[in-house]
Amino acid sequence: MEKHITPVVLDPTGSDIQGESAHLRERGPVTRIELPGGVPAWSITDAALLEQLLAGPEVSKDPRQHWPAFRNGEIAADWPLLPWVAVNNMFTAYGAEHRRLRKIVAPAFTHRRTMALKPRIEQITGELLADLAATPAGTAVDLRERLAYPLPIRVISELMGVPEELQANLRKCVDGVFDTSLSPEESAANYTDLYGVIFRLVAYRREHPGDDMTTLLVADTADTETPLTEQELADTLMLVIGAGHETTVNLLDQAVYQLLVRPRQRADVLEGRVPWPDLIEEVLRFEAPLAHLLLRFAVQDLVVGGVEIARGDAILAGYAGANRDPKVYGATADEFDPTRTVKSHLAFGYGAHHCLGAPLARLEAAVALPAVFAKFPDMELAVAPEELGSVASFISNGHSRLPVYLNGK
């Protein structure tokens with residue numbers, strides 16, 4: 001049984017994600033937490049238990065079917081995390097409905113389509129690096145803002161057919177969805193703004209169809225046997241565009257940072273002793289781009305790691321904690337080591353809801369990271385690590401900024 005009565009209240013600002021994840025892990029593989037708004041849930045940070053749950057039908061992401069607190073109106077309409085559970089798309093679907101919605105989106109992320117994007121990713125990366133190269137000597141630049149963010153958002157925007165005039169507002173709104181420090185009023189306003197941008201995108205692509213995923217999804221609302229509803233269309237676009245860049249932003253940010261603060265590993269990678277793919281996988285493990293992911297619900301009474309989880313209880317997947325589980329990664333679980341032999345991790349989830357865009361995120365990192373270090377081999381951090389700050393989120397795990405001197409001090 002769960003020994004700790006008092007739940008851990010998650011820090012909505014995400015100021016110490018790894019410290020908080022370690023604390024959760026110390027309390028046991030399954031422990032009580034409290035989400036913003038006083039919403040109770042269970043956190044699971046044991047990698048094996050989490051994989052077991054994510055792989056089976058015993059947990060669901062559908063609050064309408066499987067979260068009594070949501071169905072009964074106990075979750076307030078202004079709950080700041082409502083967008084994470086109230087949407088109608090494959091992120092919150094269960095069983096056959098999930099398979100239907102995922103099948104509609106999956107063709108955009110096949111291996112063939114993903115690899116076909118490589119020349120465009122290389123081109124965008126080259127443009128961004130050329131722009132960075134024009135920086136006056138001795139001037140610090142924010143590499144999160146100038147590379148880690150624009151590359152994935154341009155790639156996903158082109159894939160989805162988002163016109164340039166909508167991209168800035170879309171980015172602002174997606175950032176707001178991941179910002180778990182927003183007040184209920186701020187979250188509701190952001191949610192409204194996001195839907196406004198999405199419906200403008202749908203209207204634009206109805207009038208100007210193109211060779212993009214939004215055009216295909218718009219067509220799906222009319223031309224198939226089980227068409228998307230308008231709500232499913234909007235919510236699917238929100239999911240694919242948001243998830244399609246946030247994870248990659250943090251992956252690029254954290255990868256650059258890890259190499260800048262670790263000269264030995266940097267030399268090993270740049271001199272070819274450690275392959276870039278191994279570096280990328282270790283970054284994904286060590287600093288999971290999404291530290292926690294909302295939200296699953298027990299379909300039946302469960303006993304997980306000796307803890308009784310009642311039917312209908314909410315469950316938070318603790319990816320950051322599971323990715324440093326010493327039972328998997330040994331005594332060096334908290335050390336950054338691209339040479340470690342255990343490459344598996346949960347950065348992209350597991351089971352039916354494993355991220356469709358994982359290969360695209362890896363491809364963008366495999367193109368951008370070697371290119372930026374080849375272009376700026378003397379790059380250094382422009383501030384002390386403790387001055388970088390963190391994204392205001394217990395979900396998204398990245399720095400608030402990444403200022404660097406491109407050619408050294």
# chains A, B, ... in the order shown; residues from 1 in each chain; ligands from 1
$ residues_around --residues "Gln231 (chain A)" --least-positions-apart "6" --cutoff "9 Å" --atoms "only C-alpha atoms" --output "JSON, numbers by chain"
{"A": [87, 88, 89]}
$ write_last_selection --atoms "N, CA, C and O atoms" --output "compact mmCIF listing (two decimals), in the first residue's frame"
# COMPACT_ATOMS: atom_id res chain seq x y z
N VAL A 87 -9.70 17.65 -25.30
CA VAL A 87 -9.68 17.63 -26.76
C VAL A 87 -10.21 16.30 -27.30
O VAL A 87 -10.20 15.29 -26.60
N ASN A 88 -10.66 16.33 -28.54
CA ASN A 88 -11.13 15.12 -29.22
C ASN A 88 -10.16 14.78 -30.35
O ASN A 88 -10.32 15.24 -31.48
N ASN A 89 -9.14 14.01 -30.05
CA ASN A 89 -8.19 13.56 -31.07
C ASN A 89 -7.54 12.27 -30.58
O ASN A 89 -7.92 11.74 -29.54
$ residues_around --residues "region 384-392 of chain A" --least-positions-apart "5" --cutoff "10 Å" --atoms "only C-alpha atoms" --output "list of chain:residue names"
A:Asp11, A:Pro12, A:Thr13, A:Gly14, A:Ser15, A:Asp16, A:Ile17, A:Asp175, A:Gly176, A:Phe178, A:Asp179, A:Thr180, A:Ser181, A:Leu182, A:Asn250, A:Tyr257, A:Leu260, A:Val261, A:Asn397, A:Gly398, A:His399, A:Ser400, A:Arg401, A:Leu402, A:Pro403
$ residues_around --residues "region 287-294 of chain A" --least-positions-apart "6" --cutoff "9 Å" --atoms "only C-alpha atoms" --output "PyMOL selection string"
chain A and resi 17-18+21+43+61+81+84-85+246-251+254-255+314-321+323+345-349+394-398
$ closest_atom_pairs --of "region 207-320 of chain A" --to "region 102-119 of chain A" --cutoff "9 Å" --atoms "only C-alpha atoms" --output "tab-separated table"
residue	atom	partner	partner_atom	distance
A:Asp212	CA	A:Ala108	CA	8.9
A:Met213	CA	A:Ala108	CA	6.8
A:Leu217	CA	A:Ile104	CA	7.8
A:Asp220	CA	A:Ile104	CA	8.2
A:Leu228	CA	A:Ile104	CA	8.9
A:Thr236	CA	A:Val105	CA	8.4
A:Val240	CA	A:Val105	CA	8.5
$ residues_around --residues "region 62-64 of chain A" --least-positions-apart "3" --cutoff "12 Å" --atoms "only C-alpha atoms" --output "ChimeraX atom specification"
/A:57,59,67-75,82-98,294-299,312-315
$ write_last_selection --atoms "C-alpha atoms" --output "mmCIF file, in the first residue's frame"
data_model
loop_
_atom_site.group_PDB
_atom_site.id
_atom_site.type_symbol
_atom_site.label_atom_id
_atom_site.label_comp_id
_atom_site.auth_asym_id
_atom_site.auth_seq_id
_atom_site.Cartn_x
_atom_site.Cartn_y
_atom_site.Cartn_z
ATOM 1 C CA PRO A 57 -5.707 -1.714 -22.123
ATOM 2 C CA VAL A 59 -5.358 2.538 -18.681
ATOM 3 C CA TRP A 67 -12.413 9.702 -15.579
ATOM 4 C CA PRO A 68 -15.455 10.012 -13.313
ATOM 5 C CA ALA A 69 -14.222 13.328 -11.903
ATOM 6 C CA PHE A 70 -14.366 14.784 -15.417
ATOM 7 C CA ARG A 71 -17.725 13.231 -16.282
ATOM 8 C CA ASN A 72 -19.316 14.345 -13.032
ATOM 9 C CA GLY A 73 -18.254 17.960 -13.344
ATOM 10 C CA GLU A 74 -15.664 17.836 -10.552
ATOM 11 C CA ILE A 75 -13.018 19.157 -12.942
ATOM 12 C CA LEU A 82 -8.148 21.272 -19.476
ATOM 13 C CA PRO A 83 -6.719 21.375 -23.052
ATOM 14 C CA TRP A 84 -4.678 18.286 -22.201
ATOM 15 C CA VAL A 85 -7.763 16.158 -21.506
ATOM 16 C CA ALA A 86 -10.795 17.809 -23.121
ATOM 17 C CA VAL A 87 -9.677 17.628 -26.760
ATOM 18 C CA ASN A 88 -11.131 15.119 -29.219
ATOM 19 C CA ASN A 89 -8.192 13.561 -31.068
ATOM 20 C CA MET A 90 -5.965 10.514 -30.955
ATOM 21 C CA PHE A 91 -4.174 11.910 -27.877
ATOM 22 C CA THR A 92 -7.268 11.360 -25.722
ATOM 23 C CA ALA A 93 -8.896 8.456 -27.582
ATOM 24 C CA TYR A 94 -9.067 4.847 -26.430
ATOM 25 C CA GLY A 95 -9.259 1.493 -28.165
ATOM 26 C CA ALA A 96 -10.896 1.386 -31.585
ATOM 27 C CA GLU A 97 -11.496 5.139 -31.613
ATOM 28 C CA HIS A 98 -7.807 5.763 -31.031
ATOM 29 C CA LEU A 294 -1.036 14.195 -18.851
ATOM 30 C CA LEU A 295 -3.143 12.112 -18.328
ATOM 31 C CA ARG A 296 -4.268 8.498 -18.132
ATOM 32 C CA PHE A 297 -7.097 6.881 -16.189
ATOM 33 C CA ALA A 298 -7.456 3.441 -14.644
ATOM 34 C CA VAL A 299 -10.046 1.471 -16.626
ATOM 35 C CA GLY A 312 -11.156 6.034 -12.580
ATOM 36 C CA ASP A 313 -8.067 7.413 -10.805
ATOM 37 C CA ALA A 314 -5.868 9.753 -12.834
ATOM 38 C CA ILE A 315 -2.297 8.693 -13.648
#
$ select_by_dssp --residues "region 36-255 of chain A" --states "alpha helix (DSSP H)" --output "JSON, numbers by chain"
{"A": [47, 48, 49, 50, 51, 52, 53, 54, 55, 63, 64, 65, 66, 68, 69, 70, 71, 83, 84, 85, 86, 95, 96, 97, 98, 99, 100, 101, 102, 103, 104, 105, 111, 112, 113, 114, 115, 116, 118, 119, 120, 121, 122, 123, 124, 125, 126, 127, 128, 129, 130, 131, 132, 133, 143, 150, 151, 152, 153, 154, 155, 156, 157, 158, 159, 160, 164, 165, 166, 167, 168, 169, 170, 171, 172, 173, 174, 175, 176, 177, 178, 184, 185, 186, 187, 188, 189, 190, 191, 192, 193, 194, 195, 196, 197, 198, 199, 200, 201, 202, 203, 204, 205, 206, 207, 213, 214, 215, 216, 217, 218, 219, 220, 221, 222, 223, 230, 231, 232, 233, 234, 235, 236, 237, 238, 239, 240, 241, 242, 243, 244, 245, 246, 247, 248, 249, 250, 251, 252, 253, 254, 255]}
$ closest_residue --among "A:Gly305, A:Gly138, A:Pro80, A:Pro40" --to "Glu186 (chain A)" --atoms "only C-alpha atoms"
A:Pro80
$ atom_distance --atom1 "CA of Ala361 (chain A)" --atom2 "CA of Phe376 (chain A)"
22.1 Å
$ atom_distance --atom1 "CA of Asp268 (chain A)" --atom2 "CA of Gly357 (chain A)"
28.4 Å
$ closest_residue --among "A:Gly330, A:Gly210, A:Gly126, A:Pro163" --to "Val197 (chain A)" --atoms "only C-alpha atoms"
A:Pro163
$ residues_around --residues "Asp78 (chain A)" --least-positions-apart "4" --cutoff "10 Å" --atoms "only C-alpha atoms" --output "list in words"
Gly37, Leu82, Ser183, Pro184, Glu185, Glu186, Ser187 and Ala188 of chain A
$ write_last_selection --atoms "all heavy atoms" --output "mmCIF file, in the first residue's frame"
data_model
loop_
_atom_site.group_PDB
_atom_site.id
_atom_site.type_symbol
_atom_site.label_atom_id
_atom_site.label_comp_id
_atom_site.auth_asym_id
_atom_site.auth_seq_id
_atom_site.Cartn_x
_atom_site.Cartn_y
_atom_site.Cartn_z
ATOM 1 N N GLY A 37 -4.706 23.251 -9.413
ATOM 2 C CA GLY A 37 -6.137 23.193 -9.185
ATOM 3 C C GLY A 37 -6.529 22.165 -8.148
ATOM 4 O O GLY A 37 -7.713 21.921 -7.915
ATOM 5 N N LEU A 82 -7.037 21.877 -18.751
ATOM 6 C CA LEU A 82 -8.148 21.272 -19.476
ATOM 7 C C LEU A 82 -7.809 20.909 -20.924
ATOM 8 O O LEU A 82 -8.251 19.860 -21.416
ATOM 9 C CB LEU A 82 -9.364 22.204 -19.445
ATOM 10 C CG LEU A 82 -10.707 21.558 -19.799
ATOM 11 C CD1 LEU A 82 -11.091 20.525 -18.753
ATOM 12 C CD2 LEU A 82 -11.786 22.625 -19.931
ATOM 13 N N SER A 183 -2.524 31.058 -15.070
ATOM 14 C CA SER A 183 -3.727 31.075 -14.246
ATOM 15 C C SER A 183 -4.893 30.509 -15.046
ATOM 16 O O SER A 183 -4.810 30.397 -16.283
ATOM 17 C CB SER A 183 -4.054 32.509 -13.828
ATOM 18 O OG SER A 183 -4.479 33.257 -14.972
ATOM 19 N N PRO A 184 -5.984 30.140 -14.385
ATOM 20 C CA PRO A 184 -7.143 29.663 -15.134
ATOM 21 C C PRO A 184 -7.611 30.650 -16.203
ATOM 22 O O PRO A 184 -7.969 30.237 -17.311
ATOM 23 C CB PRO A 184 -8.208 29.474 -14.045
ATOM 24 C CG PRO A 184 -7.421 29.155 -12.812
ATOM 25 C CD PRO A 184 -6.182 29.997 -12.927
ATOM 26 N N GLU A 185 -7.577 31.927 -15.886
ATOM 27 C CA GLU A 185 -8.019 32.930 -16.856
ATOM 28 C C GLU A 185 -7.070 33.010 -18.039
ATOM 29 O O GLU A 185 -7.504 33.080 -19.198
ATOM 30 C CB GLU A 185 -8.131 34.310 -16.176
ATOM 31 C CG GLU A 185 -9.178 34.406 -15.086
ATOM 32 C CD GLU A 185 -8.745 33.766 -13.768
ATOM 33 O OE1 GLU A 185 -7.532 33.515 -13.584
ATOM 34 O OE2 GLU A 185 -9.633 33.514 -12.919
ATOM 35 N N GLU A 186 -5.780 32.973 -17.763
ATOM 36 C CA GLU A 186 -4.790 33.024 -18.846
ATOM 37 C C GLU A 186 -4.876 31.781 -19.723
ATOM 38 O O GLU A 186 -4.778 31.859 -20.946
ATOM 39 C CB GLU A 186 -3.383 33.157 -18.256
ATOM 40 C CG GLU A 186 -3.110 34.506 -17.605
ATOM 41 C CD GLU A 186 -1.812 34.511 -16.818
ATOM 42 O OE1 GLU A 186 -1.425 33.442 -16.276
ATOM 43 O OE2 GLU A 186 -1.178 35.582 -16.728
ATOM 44 N N SER A 187 -5.058 30.620 -19.092
ATOM 45 C CA SER A 187 -5.155 29.381 -19.851
ATOM 46 C C SER A 187 -6.391 29.380 -20.742
ATOM 47 O O SER A 187 -6.329 28.978 -21.912
ATOM 48 C CB SER A 187 -5.200 28.182 -18.890
ATOM 49 O OG SER A 187 -5.341 26.970 -19.593
ATOM 50 N N ALA A 188 -7.533 29.827 -20.208
ATOM 51 C CA ALA A 188 -8.763 29.862 -20.993
ATOM 52 C C ALA A 188 -8.628 30.805 -22.180
ATOM 53 O O ALA A 188 -9.070 30.486 -23.299
ATOM 54 C CB ALA A 188 -9.931 30.286 -20.105
#
$ closest_residue --among "A:Arg362, A:Arg100, A:Arg285, A:Lys409" --to "Ala137 (chain A)" --atoms "only C-alpha atoms"
A:Lys409
$ select_by_dssp --residues "region 53-160 of chain A" --states "strand (DSSP E or B)" --output "list in words"
Val59, Ser60, Val141 and Asp142 of chain A
$ residues_around --residues "Cys173 (chain A)" --least-positions-apart "5" --cutoff "7 Å" --atoms "only C-alpha atoms" --output "list in words"
Asn190, Asp193 and Leu194 of chain A
$ residues_around --residues "Ala322 (chain A)" --least-positions-apart "6" --cutoff "8 Å" --atoms "only C-alpha atoms" --output "MDAnalysis selection string"
chainID A and resid 44:47 50 346
$ closest_residue --among "A:Val177, A:Val8, A:Arg206, A:Asp253" --to "Leu143 (chain A)" --atoms "only C-alpha atoms"
A:Asp253
$ closest_residue --among "A:Gln258, A:Gln123, A:Gln65, A:Asn169" --to "Asp337 (chain A)" --atoms "only C-alpha atoms"
A:Gln258
